[in-house]
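Input: a single structure, listed below in structure tokens.
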Amino acid sequence: MVCLAVSGRPVQKLTEGVASKPEAPGCFGAAKGAVPVRCHTFCHQGAARDVNPENAWRHLRGLTPLSLCDWPGRPCCVVFLGGCNLRCPTCHNASLAWDMESEPLLPQARLKAFLSSRARWLSGVTVTGGEPTAVPGIGMILHEIAASGLAIKVDTNAMLPDVVEALLAEGLAQQFSVDVKGPFDQYPSLTGGAVTEAGARRSLSRVFALAEARPEAFLFRTTLVPQLSETDMTTVRGMLPAGFTLATQDYKPPRRPHALADSEARRTAGNMV
């Protein structure tokens, strides 16, 4: 379930399972000081009581001022959000994904000041992680970034299709870069047991349907982790909707026990999770 809290009027039902009440318990609505009319706060089932501005912005953990490879064709900055719903054994940003408190907090004011001063030199913002769609309040964060006038790309593992659909419908992301881990039957091992084969098939099928309806808004890629064979890659290509190509990136084991979301760590391009 995903809900969009709206001040003073019912929520527009964007997808099956979206809340139809003005506020879920604990949602940060406009009446409590958020963005007027719509607060753009997304609440995951069971986490609604935790959604407030402080909790959302606590996930902001890193910023790369300029990247020429994270969004093909666009010079962009990269914003890192901590936390993830998977436990991939090959994760390149493990500390950011699983132990975000070990990474320095990036103050909201610093991000806002950066976007205000650099927006004219950029043509987009890539929001990565971790897993951005797993952040309660992700809509609030994207709304703040969108105020800069820059287009937004979200890197996602697509295991929370309700959130992907809602962000797309709300216009809070112009593109999604979907990390397809591998064939459906390998998701349990590729995600550290976090996703079943049936769960992967169900979630990705919904995102593939969104991509068929909005092909300009989706890219698909796979990291060539050691577990995947050429036969597996052929299978993955066959999973994609018609007309889409699969981008691949080499797997490079982290040089440190946990990769950091900063320029010092010489982060490999792309969301290696």
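Chain labels A, B, ... are given in the sequence in which chains occur in the structure tokens; within each chain residues are numbered consecutively from 1, and ligands are likewise numbered from 1 in the order shown.
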Run DSSP on the backbone and grab whatever in region 107-139 of chain A lands in helix (DSSP H, G or I); send it over as a VMD selection string.
-> chain A and resid 108 to 121 132 to 134 138 to 139
Preceding selection exported with C-alpha atoms as a compact mmCIF listing (two decimals), in the first residue's frame:
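Dumped to part.txt:
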```txt
# COMPACT_ATOMS: atom_id res chain seq x y z
CA GLN A 108 18.63 19.35 3.49
CA ALA A 109 19.73 23.00 3.43
CA ARG A 110 23.04 22.07 1.83
CA LEU A 111 21.31 20.18 -0.99
CA LYS A 112 18.90 23.05 -1.55
CA ALA A 113 21.75 25.58 -1.68
CA PHE A 114 23.70 23.38 -4.10
CA LEU A 115 20.75 23.01 -6.47
CA SER A 116 20.04 26.74 -6.31
CA SER A 117 23.62 27.63 -7.26
CA ARG A 118 24.33 24.87 -9.80
CA ALA A 119 21.01 24.18 -11.53
CA ARG A 120 21.89 26.20 -14.63
CA TRP A 121 25.00 24.05 -15.19
CA PRO A 132 15.08 5.44 -3.23
CA THR A 133 11.58 3.96 -3.52
CA ALA A 134 12.02 2.27 -0.12
CA ILE A 138 10.46 9.87 -1.05
CA GLY A 139 7.82 12.04 -2.73
```
Near-region 77-87 of chain A list (6 Å; only C-alpha atoms; drop same-chain fewer than 5 positions) as a PyMOL selection string = chain A and resi 59-67+96-98+100+125-131+191-192+194
Restricted to N, CA and C atoms, what would the selected residues look like written as a PDB file, in the first residue's frame?
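The file below, again.pdb, is the result:
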```
ATOM      1  N   HIS A  59      17.488  10.198   5.426  1.00  0.00           N
ATOM      2  CA  HIS A  59      18.025   9.259   4.439  1.00  0.00           C
ATOM      3  C   HIS A  59      18.991   9.931   3.462  1.00  0.00           C
ATOM      4  N   LEU A  60      19.086  11.254   3.488  1.00  0.00           N
ATOM      5  CA  LEU A  60      19.951  11.982   2.555  1.00  0.00           C
ATOM      6  C   LEU A  60      21.397  11.863   3.033  1.00  0.00           C
ATOM      7  N   ARG A  61      22.218  11.100   2.274  1.00  0.00           N
ATOM      8  CA  ARG A  61      23.542  10.742   2.783  1.00  0.00           C
ATOM      9  C   ARG A  61      24.698  11.046   1.848  1.00  0.00           C
ATOM     10  N   GLY A  62      24.459  11.577   0.679  1.00  0.00           N
ATOM     11  CA  GLY A  62      25.595  11.850  -0.190  1.00  0.00           C
ATOM     12  C   GLY A  62      25.210  12.641  -1.425  1.00  0.00           C
ATOM     13  N   LEU A  63      26.211  13.306  -2.009  1.00  0.00           N
ATOM     14  CA  LEU A  63      25.995  14.117  -3.204  1.00  0.00           C
ATOM     15  C   LEU A  63      27.258  14.115  -4.051  1.00  0.00           C
ATOM     16  N   THR A  64      27.125  13.732  -5.314  1.00  0.00           N
ATOM     17  CA  THR A  64      28.196  13.893  -6.291  1.00  0.00           C
ATOM     18  C   THR A  64      27.822  15.087  -7.161  1.00  0.00           C
ATOM     19  N   PRO A  65      28.620  16.160  -7.156  1.00  0.00           N
ATOM     20  CA  PRO A  65      28.217  17.405  -7.838  1.00  0.00           C
ATOM     21  C   PRO A  65      28.030  17.274  -9.340  1.00  0.00           C
ATOM     22  N   LEU A  66      28.807  16.395  -9.991  1.00  0.00           N
ATOM     23  CA  LEU A  66      28.697  16.278 -11.443  1.00  0.00           C
ATOM     24  C   LEU A  66      29.007  14.858 -11.883  1.00  0.00           C
ATOM     25  N   SER A  67      28.133  14.306 -12.701  1.00  0.00           N
ATOM     26  CA  SER A  67      28.366  13.007 -13.328  1.00  0.00           C
ATOM     27  C   SER A  67      27.997  13.113 -14.801  1.00  0.00           C
ATOM     28  N   LEU A  96      25.879   2.210   2.808  1.00  0.00           N
ATOM     29  CA  LEU A  96      24.798   3.151   2.529  1.00  0.00           C
ATOM     30  C   LEU A  96      23.449   2.440   2.537  1.00  0.00           C
ATOM     31  N   ALA A  97      23.410   1.238   1.985  1.00  0.00           N
ATOM     32  CA  ALA A  97      22.155   0.503   1.861  1.00  0.00           C
ATOM     33  C   ALA A  97      21.682  -0.077   3.184  1.00  0.00           C
ATOM     34  N   TRP A  98      22.594  -0.609   3.984  1.00  0.00           N
ATOM     35  CA  TRP A  98      22.200  -1.383   5.161  1.00  0.00           C
ATOM     36  C   TRP A  98      22.539  -0.725   6.487  1.00  0.00           C
ATOM     37  N   MET A 100      23.006   3.080   7.021  1.00  0.00           N
ATOM     38  CA  MET A 100      23.179   4.459   6.568  1.00  0.00           C
ATOM     39  C   MET A 100      23.666   5.386   7.674  1.00  0.00           C
ATOM     40  N   VAL A 125      18.969  15.510 -12.255  1.00  0.00           N
ATOM     41  CA  VAL A 125      19.398  14.983 -10.958  1.00  0.00           C
ATOM     42  C   VAL A 125      19.098  13.489 -10.947  1.00  0.00           C
ATOM     43  N   THR A 126      20.108  12.678 -10.697  1.00  0.00           N
ATOM     44  CA  THR A 126      19.907  11.246 -10.502  1.00  0.00           C
ATOM     45  C   THR A 126      19.787  10.975  -9.013  1.00  0.00           C
ATOM     46  N   VAL A 127      18.713  10.320  -8.620  1.00  0.00           N
ATOM     47  CA  VAL A 127      18.500   9.951  -7.222  1.00  0.00           C
ATOM     48  C   VAL A 127      18.718   8.451  -7.113  1.00  0.00           C
ATOM     49  N   THR A 128      19.696   8.064  -6.309  1.00  0.00           N
ATOM     50  CA  THR A 128      20.088   6.664  -6.229  1.00  0.00           C
ATOM     51  C   THR A 128      20.223   6.254  -4.775  1.00  0.00           C
ATOM     52  N   GLY A 129      20.773   5.073  -4.529  1.00  0.00           N
ATOM     53  CA  GLY A 129      20.860   4.601  -3.157  1.00  0.00           C
ATOM     54  C   GLY A 129      21.960   3.580  -2.984  1.00  0.00           C
ATOM     55  N   GLY A 130      21.671   2.577  -2.104  1.00  0.00           N
ATOM     56  CA  GLY A 130      20.390   2.268  -1.508  1.00  0.00           C
ATOM     57  C   GLY A 130      19.275   2.069  -2.533  1.00  0.00           C
ATOM     58  N   GLU A 131      18.063   2.204  -2.032  1.00  0.00           N
ATOM     59  CA  GLU A 131      16.870   2.086  -2.867  1.00  0.00           C
ATOM     60  C   GLU A 131      15.938   3.250  -2.577  1.00  0.00           C
ATOM     61  N   THR A 191      19.341 -11.493  -4.387  1.00  0.00           N
ATOM     62  CA  THR A 191      18.912 -10.452  -3.445  1.00  0.00           C
ATOM     63  C   THR A 191      19.105 -10.855  -1.990  1.00  0.00           C
ATOM     64  N   GLY A 192      19.901 -11.881  -1.743  1.00  0.00           N
ATOM     65  CA  GLY A 192      20.143 -12.298  -0.371  1.00  0.00           C
ATOM     66  C   GLY A 192      18.911 -12.831   0.324  1.00  0.00           C
ATOM     67  N   ALA A 194      15.863 -11.754  -0.066  1.00  0.00           N
ATOM     68  CA  ALA A 194      14.863 -10.718   0.206  1.00  0.00           C
ATOM     69  C   ALA A 194      13.652 -10.807  -0.715  1.00  0.00           C
TER      70      ALA A 194
END
```
Contacts of region 197-200 of chain A at 8 Å (only C-alpha atoms; same-chain gap of 4+ positions) as number ranges by chain | A: 159, 184-188, 204
Give me a file of those residues, with all heavy atoms, as a CSV table (one decimal), in the first residue's frame.
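Resulting contents of part34.csv:
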```csv
chain,number,residue,atom,x,y,z
A,159,MET,N,11.2,-3.3,-7.0
A,159,MET,CA,10.4,-4.2,-6.2
A,159,MET,C,9.3,-3.6,-5.4
A,159,MET,O,8.6,-4.2,-4.7
A,159,MET,CB,11.4,-4.9,-5.2
A,159,MET,CG,12.4,-5.9,-5.9
A,159,MET,SD,11.6,-7.3,-6.7
A,159,MET,CE,11.7,-6.7,-8.4
A,184,PHE,N,14.2,-14.4,-13.3
A,184,PHE,CA,13.3,-14.4,-12.1
A,184,PHE,C,13.7,-15.5,-11.1
A,184,PHE,O,13.7,-15.2,-9.9
A,184,PHE,CB,11.8,-14.7,-12.6
A,184,PHE,CG,11.2,-13.6,-13.4
A,184,PHE,CD1,10.6,-13.8,-14.6
A,184,PHE,CD2,11.2,-12.2,-12.9
A,184,PHE,CE1,10.0,-12.8,-15.4
A,184,PHE,CE2,10.7,-11.2,-13.7
A,184,PHE,CZ,10.1,-11.5,-14.9
A,185,ASP,N,14.1,-16.7,-11.6
A,185,ASP,CA,14.3,-17.8,-10.7
A,185,ASP,C,15.6,-17.6,-9.9
A,185,ASP,O,15.9,-18.3,-8.9
A,185,ASP,CB,14.3,-19.1,-11.4
A,185,ASP,CG,15.4,-19.2,-12.5
A,185,ASP,OD1,16.2,-18.2,-12.7
A,185,ASP,OD2,15.5,-20.3,-13.1
A,186,GLN,N,16.4,-16.6,-10.2
A,186,GLN,CA,17.7,-16.3,-9.5
A,186,GLN,C,17.5,-15.2,-8.5
A,186,GLN,O,18.5,-14.9,-7.8
A,186,GLN,CB,18.8,-16.1,-10.4
A,186,GLN,CG,19.2,-17.3,-11.3
A,186,GLN,CD,20.6,-17.2,-11.9
A,186,GLN,OE1,21.5,-16.7,-11.3
A,186,GLN,NE2,20.7,-17.6,-13.1
A,187,TYR,N,16.4,-14.5,-8.4
A,187,TYR,CA,16.2,-13.4,-7.5
A,187,TYR,C,16.4,-13.8,-6.1
A,187,TYR,O,17.0,-13.0,-5.3
A,187,TYR,CB,14.8,-12.8,-7.7
A,187,TYR,CG,14.9,-11.5,-8.6
A,187,TYR,CD1,15.1,-11.6,-9.9
A,187,TYR,CD2,14.9,-10.2,-8.0
A,187,TYR,CE1,15.2,-10.5,-10.7
A,187,TYR,CE2,15.0,-9.1,-8.8
A,187,TYR,CZ,15.2,-9.2,-10.1
A,187,TYR,OH,15.3,-8.1,-10.9
A,188,PRO,N,16.0,-15.0,-5.6
A,188,PRO,CA,16.3,-15.3,-4.2
A,188,PRO,C,17.7,-15.2,-3.8
A,188,PRO,O,18.1,-14.6,-2.8
A,188,PRO,CB,15.7,-16.7,-4.0
A,188,PRO,CG,14.6,-16.7,-5.0
A,188,PRO,CD,15.1,-16.0,-6.2
A,204,LEU,N,8.2,-6.9,-11.2
A,204,LEU,CA,8.8,-6.5,-12.5
A,204,LEU,C,7.7,-6.5,-13.6
A,204,LEU,O,7.8,-5.6,-14.5
A,204,LEU,CB,10.0,-7.4,-12.9
A,204,LEU,CG,11.3,-7.1,-12.2
A,204,LEU,CD1,12.3,-8.2,-12.5
A,204,LEU,CD2,11.8,-5.7,-12.6
```
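Residue nearest Pro215 (chain A), chosen from A:Asn157, A:Gln175, A:Thr196, A:Ser229 and counting only C-alpha atoms: A:Gln175.
CA of Cys91 (chain A) to CA of Glu216 (chain A) spans 27.8 Å [interatomic distance, one decimal].
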Sel. of strand (DSSP E) residues, region 165-235 of chain A, as a PyMOL selection string = chain A and resi 175-179+218-224
Writer output for current selection, N, CA, C and O atoms, as a tab-separated table (two decimals), in the first residue's frame:
```
chain	number	residue	atom	x	y	z
A	175	GLN	N	12.28	9.92	-15.38
A	175	GLN	CA	12.83	8.67	-15.89
A	175	GLN	C	13.20	7.75	-14.73
A	175	GLN	O	13.57	8.21	-13.65
A	176	PHE	N	13.09	6.45	-14.99
A	176	PHE	CA	13.49	5.43	-14.02
A	176	PHE	C	14.53	4.53	-14.68
A	176	PHE	O	14.32	4.06	-15.80
A	177	SER	N	15.62	4.31	-13.99
A	177	SER	CA	16.62	3.35	-14.44
A	177	SER	C	16.44	2.10	-13.59
A	177	SER	O	16.72	2.11	-12.39
A	178	VAL	N	15.92	1.05	-14.21
A	178	VAL	CA	15.52	-0.15	-13.48
A	178	VAL	C	16.65	-1.17	-13.51
A	178	VAL	O	17.12	-1.57	-14.58
A	179	ASP	N	17.06	-1.58	-12.32
A	179	ASP	CA	18.11	-2.57	-12.17
A	179	ASP	C	17.49	-3.96	-12.15
A	179	ASP	O	16.91	-4.38	-11.14
A	218	PHE	N	11.61	4.93	-19.11
A	218	PHE	CA	12.27	3.78	-18.50
A	218	PHE	C	13.52	3.35	-19.25
A	218	PHE	O	13.56	3.36	-20.49
A	219	LEU	N	14.52	3.00	-18.47
A	219	LEU	CA	15.74	2.35	-18.95
A	219	LEU	C	15.91	1.07	-18.14
A	219	LEU	O	15.51	1.01	-16.98
A	220	PHE	N	16.54	0.06	-18.73
A	220	PHE	CA	16.77	-1.19	-18.02
A	220	PHE	C	18.24	-1.57	-18.13
A	220	PHE	O	18.86	-1.42	-19.17
A	221	ARG	N	18.78	-2.08	-17.02
A	221	ARG	CA	20.18	-2.46	-17.01
A	221	ARG	C	20.40	-3.63	-16.06
A	221	ARG	O	19.60	-3.88	-15.15
A	222	THR	N	21.50	-4.32	-16.27
A	222	THR	CA	21.88	-5.44	-15.42
A	222	THR	C	23.38	-5.35	-15.16
A	222	THR	O	24.16	-5.07	-16.08
A	223	THR	N	23.77	-5.57	-13.92
A	223	THR	CA	25.19	-5.64	-13.57
A	223	THR	C	25.66	-7.08	-13.74
A	223	THR	O	25.01	-8.02	-13.26
A	224	LEU	N	26.78	-7.26	-14.41
A	224	LEU	CA	27.27	-8.60	-14.73
A	224	LEU	C	28.01	-9.20	-13.54
A	224	LEU	O	29.23	-9.38	-13.55
```
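Restricting the calculation to only C-alpha atoms, the smallest distance between Val135 (chain A) and any of A:Thr245, A:Ala56, A:Ala94, A:Val154 is found for A:Ala56.
Counting from CA of Glu230 (chain A), the distance to CA of Ser189 (chain A) is 17.5 Å.
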Which value, in Å to one decimal, gives the distance between CA of Leu150 (chain A) and CA of Ser123 (chain A)?
-> 6.0 Å
Residues within 10 Å of Pro226 (chain A), only C-alpha atoms, excluding chain neighbours under 4 positions, as JSON, numbers by chain | {"A": [90, 250, 251]}
Selection file, all heavy atoms, as a PDB file, in the first residue's frame:
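The result, stored in result_3.pdb:
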```
ATOM      1  N   THR A  90      26.308  -8.897  -3.608  1.00  0.00           N
ATOM      2  CA  THR A  90      27.287  -8.181  -4.434  1.00  0.00           C
ATOM      3  C   THR A  90      27.124  -6.667  -4.338  1.00  0.00           C
ATOM      4  O   THR A  90      27.698  -5.936  -5.143  1.00  0.00           O
ATOM      5  CB  THR A  90      27.147  -8.605  -5.906  1.00  0.00           C
ATOM      6  OG1 THR A  90      25.781  -8.418  -6.317  1.00  0.00           O
ATOM      7  CG2 THR A  90      27.542 -10.061  -6.094  1.00  0.00           C
ATOM      8  N   ASP A 250      29.843  -3.756 -16.106  1.00  0.00           N
ATOM      9  CA  ASP A 250      30.723  -4.735 -15.484  1.00  0.00           C
ATOM     10  C   ASP A 250      30.636  -4.645 -13.971  1.00  0.00           C
ATOM     11  O   ASP A 250      30.453  -3.562 -13.404  1.00  0.00           O
ATOM     12  CB  ASP A 250      32.171  -4.511 -15.928  1.00  0.00           C
ATOM     13  CG  ASP A 250      32.372  -4.827 -17.399  1.00  0.00           C
ATOM     14  OD1 ASP A 250      31.594  -5.625 -17.942  1.00  0.00           O
ATOM     15  OD2 ASP A 250      33.302  -4.250 -17.998  1.00  0.00           O
ATOM     16  N   TYR A 251      30.762  -5.769 -13.333  1.00  0.00           N
ATOM     17  CA  TYR A 251      30.807  -5.800 -11.878  1.00  0.00           C
ATOM     18  C   TYR A 251      32.243  -5.592 -11.419  1.00  0.00           C
ATOM     19  O   TYR A 251      33.159  -6.293 -11.860  1.00  0.00           O
ATOM     20  CB  TYR A 251      30.289  -7.140 -11.355  1.00  0.00           C
ATOM     21  CG  TYR A 251      30.481  -7.300  -9.863  1.00  0.00           C
ATOM     22  CD1 TYR A 251      29.774  -6.506  -8.970  1.00  0.00           C
ATOM     23  CD2 TYR A 251      31.385  -8.232  -9.360  1.00  0.00           C
ATOM     24  CE1 TYR A 251      29.952  -6.640  -7.604  1.00  0.00           C
ATOM     25  CE2 TYR A 251      31.565  -8.378  -7.989  1.00  0.00           C
ATOM     26  CZ  TYR A 251      30.847  -7.574  -7.122  1.00  0.00           C
ATOM     27  OH  TYR A 251      31.026  -7.706  -5.772  1.00  0.00           O
TER      28      TYR A 251
END
```
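Counting only C-alpha atoms, the residue from A:Ile141, A:Val180, A:Leu168, A:Val207 that sits nearest to Gly238 (chain A) is A:Val180.
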